[in-house]
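Down below is the structure, laid out as structure tokens.
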Protein chains: 2
Amino acid sequence: MIDTPAAIALVRTASLSSLVEAEVMRLILAGDLDSGEQIKEVKIAERLGVGRSSVREALRALEAAGLVRIEKNRGAFVRVVSEAEAREMYVVREALEGLAGALLAPRISDEEITELRARVDEMETYLDPADFHRYFPLNLTFHRRIFEMTGNGRLIEIYQRLTNELHTIRRNGLLRGGGLSVSNTEHRAIVEALAARDPAAASAALKAHVAAGARRRTGHREERVVA
Amino acid sequence: MIDTPAAIALVRTASLSSLVEAEVMRLILAGDLDSGEQIKEVKIAERLGVGRSSVREALRALEAAGLVRIEKNRGAFVRVVSEAEAREMYVVREALEGLAGALLAPRISDEEITELRARVDEMETYLDPADFHRYFPLNLTFHRRIFEMTGNGRLIEIYQRLTNELHTIRRNGLLRGGGLSVSNTEHRAIVEALAARDPAAASAALKAHVAAGARRRTGHREERVVA
DNA sequence: ATCTTGTCGATTGTCGACAATGTCAACCGC
DNA sequence: GCGGTTGACATTGTCGACAATCGACAAGAT
């Protein structure tokens, strides 16, 4: 069973290496490939039924995207982000989220406000530590949607890239618990600042939220990350 | 005559495709490859004496870096950034420069202040429109140094990437003249805010400078870009 | 015992061959 | 002329082959 029109569009636009790239990225973000783990070309090639060239091109692209590190003659490895790098990234992320809030506040539509409120409400039902595996993706989507609503494609891209690189940190944060209700209270403050169409308040609320998340992370190094 | 240790280090760490990547990037940034121009694999391969695989890997990396656009079965092209994209990028850049100023102000050293002042002084000697080809690279370096001084590697990387993508816009801006002395006056204000170790003032000065540069750009679409 | 050296299997780096696709101009019927 | 078709050419997509390199292990020297 094949969706013919979709298949045509796919073959027309997607090269093998681009598909391999997407699949390897998925494996990394899903955690099927651990941080620091070596990615062997032939293994991927055989699993997906493609040649090594396609895999190598995909790995080069993923290296440029920051998800993979390639050492000559040694191989490709899932990139590990150090504590120091994570701190740097959180600083940048704070500024980006602040910008997103300032951009979105004046232009947000009533429908978008409703959507964000609904998302916060949904997260509210998963505050129990046992539900963290549900809360977590909702949280990611909430933040992503705010960026998407700004309509600034470049901002969205940069944020998404940063988010991808932080995947390890975020998933590691999944291991322990704490602070979910505080996090979601901050979410609500963000939405209300946006609903008030107040750029400065929205920017401040988002920056405070990210900074608090970073503090939760470094404070209890072994606790969950909820930013 | 070969510098043996350097040669060993090079062969040890640099793959052919990484060298091709650097060279093609140079060609694009230097304007030897025009915006929108097709980059033919064999042409590059023959010119550099390498196989097509190396060139293809390099192009995939450059695509991920945003400098090249690849259309399946049609080829690789030097990426063209539209007016709308340029506006988006300037918005992001304004936020990044503001962040850099806020980060740098509290930590800047006396030597760094001296360096920045010297750079502004040097630019002051090239305010004549005829000297724009001198002023321009100095301007780029001035801004880059501010980011480098923040010590935030990720911020530096994101800024550099944005700058690379804006190369076309900036060079096109070279075609006409105007506003150099205003631009450098803003530079001086930036340095003095940094010298005062005032994060808010430095951030504001940098944001204002970028915003003014963007306005100079869109205002006189055909004028020089000096941001 | 420790260090050096030689060897081997595994893996990556690079290349050219072949297939698939797009481009474009010559050609045809009208 | 003119729109459409066809076919040759240029270019890219993908693959497998071969060489270079790495890491581990064994053998030998000190």
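The way I read the labels, and the way they are meant: chains A, B, ... in the order of the structure tokens, residue 1 as the first residue of every chain, and ligand 1 as the first ligand shown, with later ones counted on from there.
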
*Going by DSSP on the backbone, which bits of stretch 57-131 of chain B are strand (DSSP E)? Write them as JSON, numbers by chain, please.*
{"B": [68, 69, 70, 71, 75, 76, 77, 78]}

Show me a table, sorted first by chain and then by increasing residue number, of the residues of stretch 146-173 of chain B having an atom at most 10 Å from stretch 24-48 of chain B, each with its shortest atom pair and the distance in Å to one decimal, counting only C-alpha atoms and written as a Markdown table.
```
| residue | atom | partner | partner_atom | distance |
| --- | --- | --- | --- | --- |
| B:Asn164 | CA | B:Leu29 | CA | 7.2 |
| B:Glu165 | CA | B:Leu29 | CA | 9.0 |
| B:Leu166 | CA | B:Leu29 | CA | 9.6 |
| B:His167 | CA | B:Leu29 | CA | 6.2 |
| B:Thr168 | CA | B:Ser35 | CA | 6.8 |
| B:Ile169 | CA | B:Ser35 | CA | 9.9 |
| B:Arg171 | CA | B:Gly31 | CA | 8.3 |
```

Write out as a compact mmCIF listing (two decimals) with N, CA and C atoms, in the first residue's frame all residues of stretch 7-196 of chain A that DSSP puts in alpha helix (DSSP H) for this structure's backbone.
```txt
# COMPACT_ATOMS: atom_id res chain seq x y z
N ALA A 7 4.31 9.48 -2.78
CA ALA A 7 5.51 8.77 -3.21
C ALA A 7 6.21 9.51 -4.33
N ILE A 8 5.42 10.01 -5.26
CA ILE A 8 6.00 10.77 -6.37
C ILE A 8 6.71 12.01 -5.85
N ALA A 9 6.03 12.73 -4.98
CA ALA A 9 6.63 13.94 -4.43
C ALA A 9 7.93 13.61 -3.70
N LEU A 10 7.91 12.47 -3.02
CA LEU A 10 9.08 12.09 -2.24
C LEU A 10 10.26 11.79 -3.15
N VAL A 11 10.04 10.91 -4.12
CA VAL A 11 11.12 10.53 -5.02
C VAL A 11 11.62 11.74 -5.78
N ARG A 12 10.72 12.66 -6.04
CA ARG A 12 11.08 13.84 -6.82
C ARG A 12 11.98 14.77 -6.04
N THR A 13 11.75 14.87 -4.76
CA THR A 13 12.48 15.88 -4.00
C THR A 13 13.52 15.32 -3.04
N LEU A 16 18.42 9.92 -1.42
CA LEU A 16 18.64 8.88 -0.43
C LEU A 16 19.36 9.45 0.78
N SER A 17 20.37 10.24 0.52
CA SER A 17 21.16 10.74 1.65
C SER A 17 20.31 11.64 2.55
N SER A 18 19.37 12.36 1.96
CA SER A 18 18.52 13.20 2.81
C SER A 18 17.62 12.34 3.69
N LEU A 19 17.18 11.21 3.15
CA LEU A 19 16.35 10.31 3.95
C LEU A 19 17.17 9.65 5.05
N VAL A 20 18.39 9.26 4.69
CA VAL A 20 19.27 8.69 5.70
C VAL A 20 19.52 9.73 6.80
N GLU A 21 19.74 10.95 6.39
CA GLU A 21 19.97 12.02 7.36
C GLU A 21 18.80 12.13 8.33
N ALA A 22 17.59 12.12 7.78
CA ALA A 22 16.40 12.23 8.64
C ALA A 22 16.30 11.04 9.59
N GLU A 23 16.62 9.86 9.07
CA GLU A 23 16.48 8.67 9.91
C GLU A 23 17.53 8.65 11.03
N VAL A 24 18.75 8.99 10.69
CA VAL A 24 19.79 9.00 11.72
C VAL A 24 19.48 10.08 12.76
N MET A 25 18.98 11.21 12.28
CA MET A 25 18.60 12.25 13.24
C MET A 25 17.52 11.73 14.18
N ARG A 26 16.57 11.02 13.62
CA ARG A 26 15.52 10.45 14.46
C ARG A 26 16.10 9.49 15.50
N LEU A 27 17.02 8.66 15.05
CA LEU A 27 17.64 7.69 15.96
C LEU A 27 18.35 8.42 17.11
N ILE A 28 19.00 9.52 16.78
CA ILE A 28 19.72 10.26 17.81
C ILE A 28 18.75 10.92 18.77
N LEU A 29 17.76 11.62 18.21
CA LEU A 29 16.82 12.34 19.07
C LEU A 29 15.99 11.38 19.92
N ALA A 30 15.71 10.21 19.36
CA ALA A 30 14.92 9.23 20.11
C ALA A 30 15.77 8.51 21.14
N GLU A 41 29.30 3.37 9.35
CA GLU A 41 28.67 3.62 8.05
C GLU A 41 28.01 2.37 7.48
N VAL A 42 28.74 1.27 7.46
CA VAL A 42 28.19 0.07 6.82
C VAL A 42 26.95 -0.43 7.57
N LYS A 43 26.97 -0.28 8.87
CA LYS A 43 25.83 -0.74 9.66
C LYS A 43 24.56 0.01 9.25
N ILE A 44 24.67 1.33 9.19
CA ILE A 44 23.53 2.14 8.77
C ILE A 44 23.16 1.82 7.32
N ALA A 45 24.20 1.70 6.48
CA ALA A 45 23.95 1.45 5.06
C ALA A 45 23.18 0.15 4.87
N GLU A 46 23.62 -0.89 5.56
CA GLU A 46 22.94 -2.18 5.40
C GLU A 46 21.54 -2.15 5.97
N ARG A 47 21.41 -1.52 7.14
CA ARG A 47 20.10 -1.48 7.76
C ARG A 47 19.07 -0.79 6.86
N LEU A 48 19.52 0.25 6.16
CA LEU A 48 18.59 1.01 5.32
C LEU A 48 18.65 0.59 3.85
N ARG A 52 27.26 3.24 0.91
CA ARG A 52 27.95 4.02 1.94
C ARG A 52 28.00 5.50 1.61
N SER A 53 28.04 5.83 0.32
CA SER A 53 28.12 7.24 -0.06
C SER A 53 26.96 8.03 0.53
N SER A 54 25.78 7.47 0.42
CA SER A 54 24.60 8.18 0.92
C SER A 54 24.71 8.39 2.43
N VAL A 55 25.19 7.37 3.11
CA VAL A 55 25.33 7.49 4.56
C VAL A 55 26.38 8.56 4.90
N ARG A 56 27.48 8.54 4.16
CA ARG A 56 28.53 9.51 4.45
C ARG A 56 28.05 10.95 4.23
N GLU A 57 27.32 11.16 3.14
CA GLU A 57 26.79 12.50 2.89
C GLU A 57 25.86 12.92 4.02
N ALA A 58 25.03 11.99 4.46
CA ALA A 58 24.10 12.30 5.55
C ALA A 58 24.87 12.67 6.82
N LEU A 59 25.94 11.93 7.09
CA LEU A 59 26.71 12.20 8.31
C LEU A 59 27.40 13.56 8.22
N ARG A 60 27.86 13.91 7.04
CA ARG A 60 28.48 15.23 6.89
C ARG A 60 27.46 16.34 7.18
N ALA A 61 26.24 16.14 6.69
CA ALA A 61 25.20 17.13 6.94
C ALA A 61 24.88 17.20 8.44
N LEU A 62 24.81 16.04 9.07
CA LEU A 62 24.49 16.02 10.50
C LEU A 62 25.63 16.62 11.32
N GLU A 63 26.84 16.48 10.82
CA GLU A 63 27.96 17.11 11.51
C GLU A 63 27.80 18.63 11.48
N ALA A 64 27.45 19.14 10.31
CA ALA A 64 27.25 20.59 10.19
C ALA A 64 26.08 21.04 11.05
N GLU A 83 28.93 20.01 30.05
CA GLU A 83 28.27 20.91 30.98
C GLU A 83 28.47 22.36 30.55
N ALA A 84 29.72 22.70 30.23
CA ALA A 84 30.03 24.08 29.87
C ALA A 84 29.27 24.50 28.62
N GLU A 85 29.25 23.62 27.63
CA GLU A 85 28.52 23.95 26.41
C GLU A 85 27.04 24.12 26.68
N ALA A 86 26.51 23.25 27.54
CA ALA A 86 25.09 23.35 27.86
C ALA A 86 24.78 24.70 28.48
N ARG A 87 25.65 25.13 29.36
CA ARG A 87 25.44 26.45 29.98
C ARG A 87 25.43 27.54 28.92
N GLU A 88 26.41 27.47 28.01
CA GLU A 88 26.45 28.46 26.93
C GLU A 88 25.16 28.45 26.12
N MET A 89 24.70 27.25 25.83
CA MET A 89 23.51 27.14 25.00
C MET A 89 22.28 27.69 25.71
N TYR A 90 22.22 27.50 27.02
CA TYR A 90 21.07 28.03 27.75
C TYR A 90 21.07 29.55 27.74
N VAL A 91 22.26 30.14 27.79
CA VAL A 91 22.35 31.61 27.73
C VAL A 91 21.79 32.12 26.40
N VAL A 92 22.19 31.45 25.32
CA VAL A 92 21.70 31.86 24.00
C VAL A 92 20.20 31.62 23.90
N ARG A 93 19.80 30.47 24.41
CA ARG A 93 18.39 30.13 24.32
C ARG A 93 17.53 31.14 25.06
N GLU A 94 18.02 31.58 26.20
CA GLU A 94 17.26 32.58 26.97
C GLU A 94 17.02 33.82 26.12
N ALA A 95 18.06 34.28 25.44
CA ALA A 95 17.90 35.47 24.60
C ALA A 95 16.93 35.21 23.46
N LEU A 96 17.01 34.01 22.87
CA LEU A 96 16.13 33.70 21.74
C LEU A 96 14.67 33.64 22.19
N GLU A 97 14.44 33.01 23.33
CA GLU A 97 13.05 32.92 23.81
C GLU A 97 12.53 34.30 24.16
N GLY A 98 13.40 35.12 24.73
CA GLY A 98 12.99 36.49 25.02
C GLY A 98 12.59 37.23 23.74
N LEU A 99 13.40 37.05 22.70
CA LEU A 99 13.08 37.68 21.42
C LEU A 99 11.76 37.17 20.87
N ALA A 100 11.57 35.87 20.97
CA ALA A 100 10.32 35.28 20.46
C ALA A 100 9.12 35.89 21.17
N GLY A 101 9.21 36.03 22.47
CA GLY A 101 8.10 36.62 23.23
C GLY A 101 7.83 38.05 22.79
N ALA A 102 8.90 38.82 22.61
CA ALA A 102 8.74 40.22 22.21
C ALA A 102 8.14 40.33 20.81
N LEU A 103 8.53 39.40 19.94
CA LEU A 103 8.00 39.43 18.57
C LEU A 103 6.55 38.98 18.51
N LEU A 104 6.25 37.96 19.32
CA LEU A 104 4.92 37.36 19.22
C LEU A 104 3.83 38.20 19.89
N ASP A 110 -6.18 35.63 18.54
CA ASP A 110 -7.01 35.05 19.60
C ASP A 110 -6.97 33.53 19.55
N GLU A 111 -6.97 32.99 18.32
CA GLU A 111 -6.94 31.53 18.19
C GLU A 111 -5.65 30.97 18.78
N GLU A 112 -4.56 31.68 18.55
CA GLU A 112 -3.27 31.20 19.05
C GLU A 112 -3.23 31.25 20.58
N ILE A 113 -3.84 32.30 21.14
CA ILE A 113 -3.91 32.38 22.61
C ILE A 113 -4.69 31.19 23.14
N THR A 114 -5.81 30.90 22.49
CA THR A 114 -6.62 29.75 22.91
C THR A 114 -5.81 28.47 22.83
N GLU A 115 -5.06 28.33 21.75
CA GLU A 115 -4.26 27.11 21.58
C GLU A 115 -3.24 26.97 22.71
N LEU A 116 -2.54 28.06 23.00
CA LEU A 116 -1.51 27.98 24.03
C LEU A 116 -2.13 27.68 25.40
N ARG A 117 -3.26 28.30 25.68
CA ARG A 117 -3.93 28.03 26.96
C ARG A 117 -4.30 26.56 27.06
N ALA A 118 -4.78 26.02 25.93
CA ALA A 118 -5.17 24.60 25.94
C ALA A 118 -3.95 23.72 26.21
N ARG A 119 -2.83 24.11 25.64
CA ARG A 119 -1.61 23.32 25.84
C ARG A 119 -1.18 23.34 27.31
N VAL A 120 -1.28 24.51 27.91
CA VAL A 120 -0.91 24.60 29.33
C VAL A 120 -1.87 23.76 30.17
N ASP A 121 -3.15 23.83 29.82
CA ASP A 121 -4.13 23.02 30.55
C ASP A 121 -3.82 21.53 30.44
N GLU A 122 -3.44 21.14 29.25
CA GLU A 122 -3.14 19.72 29.05
C GLU A 122 -1.94 19.30 29.90
N MET A 123 -0.91 20.15 29.89
CA MET A 123 0.27 19.83 30.69
C MET A 123 -0.10 19.75 32.18
N GLU A 124 -1.06 20.58 32.55
CA GLU A 124 -1.48 20.62 33.96
C GLU A 124 -1.95 19.24 34.44
N PHE A 132 5.84 12.09 33.53
CA PHE A 132 6.82 13.00 32.93
C PHE A 132 7.04 12.71 31.46
N HIS A 133 6.93 11.44 31.10
CA HIS A 133 7.14 11.09 29.70
C HIS A 133 6.05 11.68 28.81
N ARG A 134 4.93 12.09 29.42
CA ARG A 134 3.89 12.78 28.65
C ARG A 134 4.13 14.28 28.69
N TYR A 135 4.48 14.76 29.89
CA TYR A 135 4.68 16.20 30.06
C TYR A 135 5.80 16.70 29.16
N PHE A 136 6.85 15.92 29.07
CA PHE A 136 8.06 16.36 28.39
C PHE A 136 7.83 16.77 26.92
N PRO A 137 7.27 15.89 26.09
CA PRO A 137 7.05 16.29 24.70
C PRO A 137 6.07 17.45 24.57
N LEU A 138 5.07 17.50 25.45
CA LEU A 138 4.14 18.63 25.41
C LEU A 138 4.87 19.93 25.67
N ASN A 139 5.80 19.89 26.60
CA ASN A 139 6.60 21.06 26.92
C ASN A 139 7.42 21.51 25.72
N LEU A 140 8.04 20.54 25.06
CA LEU A 140 8.83 20.88 23.87
C LEU A 140 7.95 21.53 22.82
N THR A 141 6.78 20.96 22.60
CA THR A 141 5.87 21.49 21.59
C THR A 141 5.40 22.89 21.94
N PHE A 142 5.10 23.09 23.22
CA PHE A 142 4.65 24.41 23.68
C PHE A 142 5.66 25.48 23.28
N HIS A 143 6.91 25.23 23.58
CA HIS A 143 7.94 26.22 23.26
C HIS A 143 8.12 26.36 21.75
N ARG A 144 8.09 25.23 21.06
CA ARG A 144 8.26 25.29 19.61
C ARG A 144 7.14 26.11 18.97
N ARG A 145 5.92 25.91 19.44
CA ARG A 145 4.78 26.64 18.88
C ARG A 145 4.95 28.15 19.05
N ILE A 146 5.48 28.55 20.19
CA ILE A 146 5.67 29.98 20.40
C ILE A 146 6.61 30.55 19.34
N PHE A 147 7.67 29.81 19.06
CA PHE A 147 8.59 30.27 18.03
C PHE A 147 7.91 30.27 16.67
N GLU A 148 7.17 29.22 16.38
CA GLU A 148 6.52 29.14 15.07
C GLU A 148 5.55 30.30 14.87
N MET A 149 4.89 30.67 15.95
CA MET A 149 3.89 31.74 15.84
C MET A 149 4.53 33.10 15.55
N THR A 150 5.81 33.25 15.82
CA THR A 150 6.46 34.54 15.53
C THR A 150 6.53 34.79 14.03
N GLY A 153 11.12 32.76 10.21
CA GLY A 153 11.64 31.45 9.84
C GLY A 153 13.06 31.22 10.32
N ARG A 154 13.88 32.25 10.26
CA ARG A 154 15.26 32.09 10.67
C ARG A 154 15.34 31.84 12.18
N LEU A 155 14.52 32.56 12.92
CA LEU A 155 14.50 32.37 14.37
C LEU A 155 14.07 30.95 14.71
N ILE A 156 13.05 30.48 14.02
CA ILE A 156 12.56 29.11 14.24
C ILE A 156 13.67 28.11 13.98
N GLU A 157 14.38 28.30 12.88
CA GLU A 157 15.43 27.36 12.51
C GLU A 157 16.54 27.32 13.55
N ILE A 158 16.98 28.49 13.97
CA ILE A 158 18.07 28.54 14.95
C ILE A 158 17.64 27.91 16.27
N TYR A 159 16.42 28.20 16.67
CA TYR A 159 15.92 27.60 17.91
C TYR A 159 15.84 26.08 17.80
N GLN A 160 15.33 25.62 16.67
CA GLN A 160 15.17 24.18 16.49
C GLN A 160 16.52 23.48 16.54
N ARG A 161 17.49 24.12 15.93
CA ARG A 161 18.82 23.54 15.92
C ARG A 161 19.39 23.46 17.33
N LEU A 162 19.21 24.53 18.07
CA LEU A 162 19.69 24.54 19.45
C LEU A 162 18.98 23.44 20.26
N THR A 163 17.70 23.32 20.06
CA THR A 163 16.91 22.31 20.76
C THR A 163 17.42 20.91 20.44
N ASN A 164 17.69 20.67 19.16
CA ASN A 164 18.19 19.36 18.77
C ASN A 164 19.50 19.04 19.48
N GLU A 165 20.37 20.04 19.53
CA GLU A 165 21.66 19.79 20.15
C GLU A 165 21.53 19.54 21.64
N HIS A 167 19.27 17.81 23.00
CA HIS A 167 18.44 16.64 23.25
C HIS A 167 18.97 15.77 24.38
N THR A 168 20.28 15.60 24.40
CA THR A 168 20.87 14.74 25.42
C THR A 168 20.58 15.28 26.82
N ILE A 169 20.92 16.55 26.98
CA ILE A 169 20.71 17.19 28.28
C ILE A 169 19.26 17.02 28.71
N ARG A 170 18.39 17.28 27.77
CA ARG A 170 16.98 17.22 28.12
C ARG A 170 16.55 15.82 28.50
N ARG A 171 17.02 14.84 27.75
CA ARG A 171 16.60 13.50 28.06
C ARG A 171 17.23 13.04 29.37
N ASN A 172 18.50 13.38 29.55
CA ASN A 172 19.12 13.04 30.83
C ASN A 172 18.31 13.64 31.96
N GLY A 173 17.81 14.84 31.73
CA GLY A 173 16.98 15.48 32.74
C GLY A 173 15.75 14.65 33.06
N LEU A 180 7.72 20.27 38.29
CA LEU A 180 6.80 20.36 37.16
C LEU A 180 5.73 21.42 37.35
N SER A 181 5.17 21.47 38.55
CA SER A 181 4.07 22.42 38.73
C SER A 181 4.60 23.85 38.68
N VAL A 182 5.81 24.06 39.18
CA VAL A 182 6.42 25.39 39.08
C VAL A 182 6.61 25.75 37.61
N SER A 183 7.14 24.78 36.85
CA SER A 183 7.37 25.02 35.43
C SER A 183 6.08 25.41 34.73
N ASN A 184 5.01 24.70 35.04
CA ASN A 184 3.77 24.99 34.32
C ASN A 184 3.13 26.30 34.78
N THR A 185 3.39 26.66 36.03
CA THR A 185 2.92 27.97 36.50
C THR A 185 3.60 29.07 35.67
N GLU A 186 4.89 28.86 35.40
CA GLU A 186 5.61 29.81 34.56
C GLU A 186 5.03 29.84 33.15
N HIS A 187 4.66 28.66 32.66
CA HIS A 187 4.03 28.60 31.34
C HIS A 187 2.78 29.48 31.31
N ARG A 188 2.00 29.38 32.37
CA ARG A 188 0.75 30.13 32.39
C ARG A 188 1.05 31.64 32.39
N ALA A 189 2.06 32.02 33.14
CA ALA A 189 2.44 33.44 33.18
C ALA A 189 2.86 33.92 31.78
N ILE A 190 3.57 33.05 31.08
CA ILE A 190 3.99 33.40 29.72
C ILE A 190 2.78 33.64 28.82
N VAL A 191 1.85 32.71 28.88
CA VAL A 191 0.67 32.82 28.00
C VAL A 191 -0.13 34.07 28.34
N GLU A 192 -0.25 34.36 29.62
CA GLU A 192 -1.06 35.53 29.99
C GLU A 192 -0.37 36.83 29.55
N ALA A 193 0.96 36.86 29.63
CA ALA A 193 1.68 38.04 29.14
C ALA A 193 1.48 38.20 27.64
N LEU A 194 1.48 37.08 26.93
CA LEU A 194 1.24 37.13 25.48
C LEU A 194 -0.20 37.57 25.21
N ALA A 195 -1.13 37.03 25.99
CA ALA A 195 -2.54 37.36 25.80
C ALA A 195 -2.78 38.85 26.03
```

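Rounded to one decimal, atom CA of A:Ile108 and atom CA of A:Arg197 lie 7.4 Å from each other.
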
*Compile the residues of chain C that lie within 12 Å of chain A, evaluated using only C-alpha atoms (C1' of nucleotides), and express the compilation as number ranges by chain.*
C: 10-15, 20-22

Selection to disk with C-alpha atoms (C1' of nucleotides), as a PDB file, in the first residue's frame:
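Wrote out_25.pdb, looks like this:
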```pdb
ATOM      1  C1'  DA C  10      37.746  -3.652  10.909  1.00  0.00           C
ATOM      2  C1'  DT C  11      36.599   0.804   9.395  1.00  0.00           C
ATOM      3  C1'  DT C  12      36.969   4.892   6.896  1.00  0.00           C
ATOM      4  C1'  DG C  13      38.685   7.929   2.706  1.00  0.00           C
ATOM      5  C1'  DT C  14      38.638   8.402  -2.063  1.00  0.00           C
ATOM      6  C1'  DC C  15      37.769   7.287  -6.623  1.00  0.00           C
ATOM      7  C1'  DA C  20      18.781   8.202 -13.704  1.00  0.00           C
ATOM      8  C1'  DT C  21      17.394  12.671 -14.542  1.00  0.00           C
ATOM      9  C1'  DG C  22      17.187  17.261 -16.424  1.00  0.00           C
TER      10       DG C  22
END
```

*Considering only C-alpha atoms (C1' of nucleotides), return as a PyMOL selection string whatever protein or nucleic-acid residues lie within 6 Å of A:Pro199, sequence-local ones (same chain, fewer than 3 positions apart) excluded.*
chain A and resi 102+105+202-203

Produce a file of the selected residues containing C-alpha atoms, as a CSV table (one decimal), in the first residue's frame.
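Contents of out.csv, freshly written:
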```csv
chain,number,residue,atom,x,y,z
A,102,ALA,CA,8.7,40.2,22.2
A,105,ALA,CA,3.1,39.5,21.8
A,202,ALA,CA,6.2,38.3,27.5
A,203,SER,CA,9.9,38.6,26.9
```

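Atom C1' of D:DC9 is found 25.4 Å from atom C1' of C:DG29.
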
*asked:* as a ChimeraX atom specification, could you give me every residue of chain D near chain B (at most 8 Å apart, counting only C-alpha atoms (C1' of nucleotides))?
replied: /D:11-13

Write a file of the just-selected residues containing N, CA and C atoms (P, O5', C5', C4', C3', O3' and C1' of nucleotides), as a compact mmCIF listing (two decimals), in the first residue's frame.
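Written out: part11.txt:
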```
# COMPACT_ATOMS: atom_id res chain seq x y z
P DT D 11 27.82 20.29 -17.77
O5' DT D 11 27.11 19.60 -16.53
C5' DT D 11 25.78 19.97 -16.19
C4' DT D 11 25.21 18.98 -15.20
C3' DT D 11 26.13 18.60 -14.05
O3' DT D 11 25.67 19.21 -12.87
C1' DT D 11 24.91 16.73 -14.90
P DT D 12 26.33 18.86 -11.44
O5' DT D 12 25.33 17.75 -10.86
C5' DT D 12 23.95 18.03 -10.81
C4' DT D 12 23.16 16.77 -10.47
C3' DT D 12 23.49 16.15 -9.10
O3' DT D 12 22.28 15.80 -8.47
C1' DT D 12 23.73 14.53 -10.79
P DG D 13 22.29 15.16 -7.03
O5' DG D 13 22.10 13.60 -7.32
C5' DG D 13 20.80 13.12 -7.64
C4' DG D 13 20.74 11.60 -7.49
C3' DG D 13 21.16 11.08 -6.11
O3' DG D 13 20.29 10.01 -5.74
C1' DG D 13 22.55 10.14 -7.79
```

*atom CA of A:Arg69 to atom CA of B:Gly151: how many Å, to one decimal?*
21.7 Å

*Using only C-alpha atoms, which of A:Ile70, A:Ala196, A:Ala212, A:Val50 sits nearest chain B?*
A:Ile70

*asked:* Would you pick out the contacts of C:DG9 at 12 Å or less, using only C-alpha atoms (C1' of nucleotides), so that residues sharing its chain but fewer than 4 positions from it are not included, and give the list as a list in words?
replied: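 Final neighbour list, sorted by chain and number: DC22, DG23, DA24 and DC25 of chain D.
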
Dump N, CA and C atoms (P, O5', C5', C4', C3', O3' and C1' of nucleotides) for the selected residues as a JSON list (two decimals), in the first residue's frame?
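selection-v7.json was written with the following content:
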```
[["chain", "number", "residue", "atom", "x", "y", "z"],
["D", 22, "DC", "P", 45.83, 7.07, 11.51],
["D", 22, "DC", "O5'", 44.92, 6.11, 12.37],
["D", 22, "DC", "C5'", 43.50, 6.20, 12.26],
["D", 22, "DC", "C4'", 42.83, 5.06, 13.00],
["D", 22, "DC", "C3'", 43.44, 4.78, 14.37],
["D", 22, "DC", "O3'", 42.42, 4.76, 15.34],
["D", 22, "DC", "C1'", 43.31, 2.78, 13.08],
["D", 23, "DG", "P", 42.77, 4.84, 16.87],
["D", 23, "DG", "O5'", 42.50, 3.34, 17.34],
["D", 23, "DG", "C5'", 41.27, 2.72, 16.99],
["D", 23, "DG", "C4'", 41.29, 1.28, 17.47],
["D", 23, "DG", "C3'", 41.95, 1.06, 18.82],
["D", 23, "DG", "O3'", 41.16, 0.16, 19.59],
["D", 23, "DG", "C1'", 43.05, -0.24, 17.16],
["D", 24, "DA", "P", 41.64, -0.33, 21.05],
["D", 24, "DA", "O5'", 42.01, -1.85, 20.76],
["D", 24, "DA", "C5'", 41.17, -2.61, 19.89],
["D", 24, "DA", "C4'", 41.74, -4.01, 19.72],
["D", 24, "DA", "C3'", 42.38, -4.59, 20.99],
["D", 24, "DA", "O3'", 42.05, -5.96, 21.09],
["D", 24, "DA", "C1'", 43.99, -4.52, 19.25],
["D", 25, "DC", "P", 42.34, -6.76, 22.46],
["D", 25, "DC", "O5'", 43.29, -7.96, 21.99],
["D", 25, "DC", "C5'", 43.12, -8.51, 20.68],
["D", 25, "DC", "C4'", 44.44, -9.11, 20.22],
["D", 25, "DC", "C3'", 45.25, -9.78, 21.34],
["D", 25, "DC", "O3'", 45.50, -11.13, 20.97],
["D", 25, "DC", "C1'", 46.62, -8.34, 20.01]]
```

*Close residues, D:DG28 itself excluded, 10 Å, only C-alpha atoms (C1' of nucleotides), min 6 positions apart in chain, as a list of chain:residue names*: C:DT4, C:DT5, C:DG6

Mind writing the picked residues with C-alpha atoms (C1' of nucleotides) as a CSV table (one decimal), in the first residue's frame?
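The resulting file, again38.csv, is reproduced below:
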```csv
chain,number,residue,atom,x,y,z
C,4,DT,C1',58.4,-2.0,21.6
C,5,DT,C1',57.4,-3.9,17.1
C,6,DG,C1',54.9,-6.5,13.7
```

*Nearest candidate to chain B (options A:Val80, A:Ala14, A:Val68, A:Ala208; using only C-alpha atoms)*: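 Among A:Val80, A:Ala14, A:Val68, A:Ala208, it is A:Ala14 that comes nearest to chain B.
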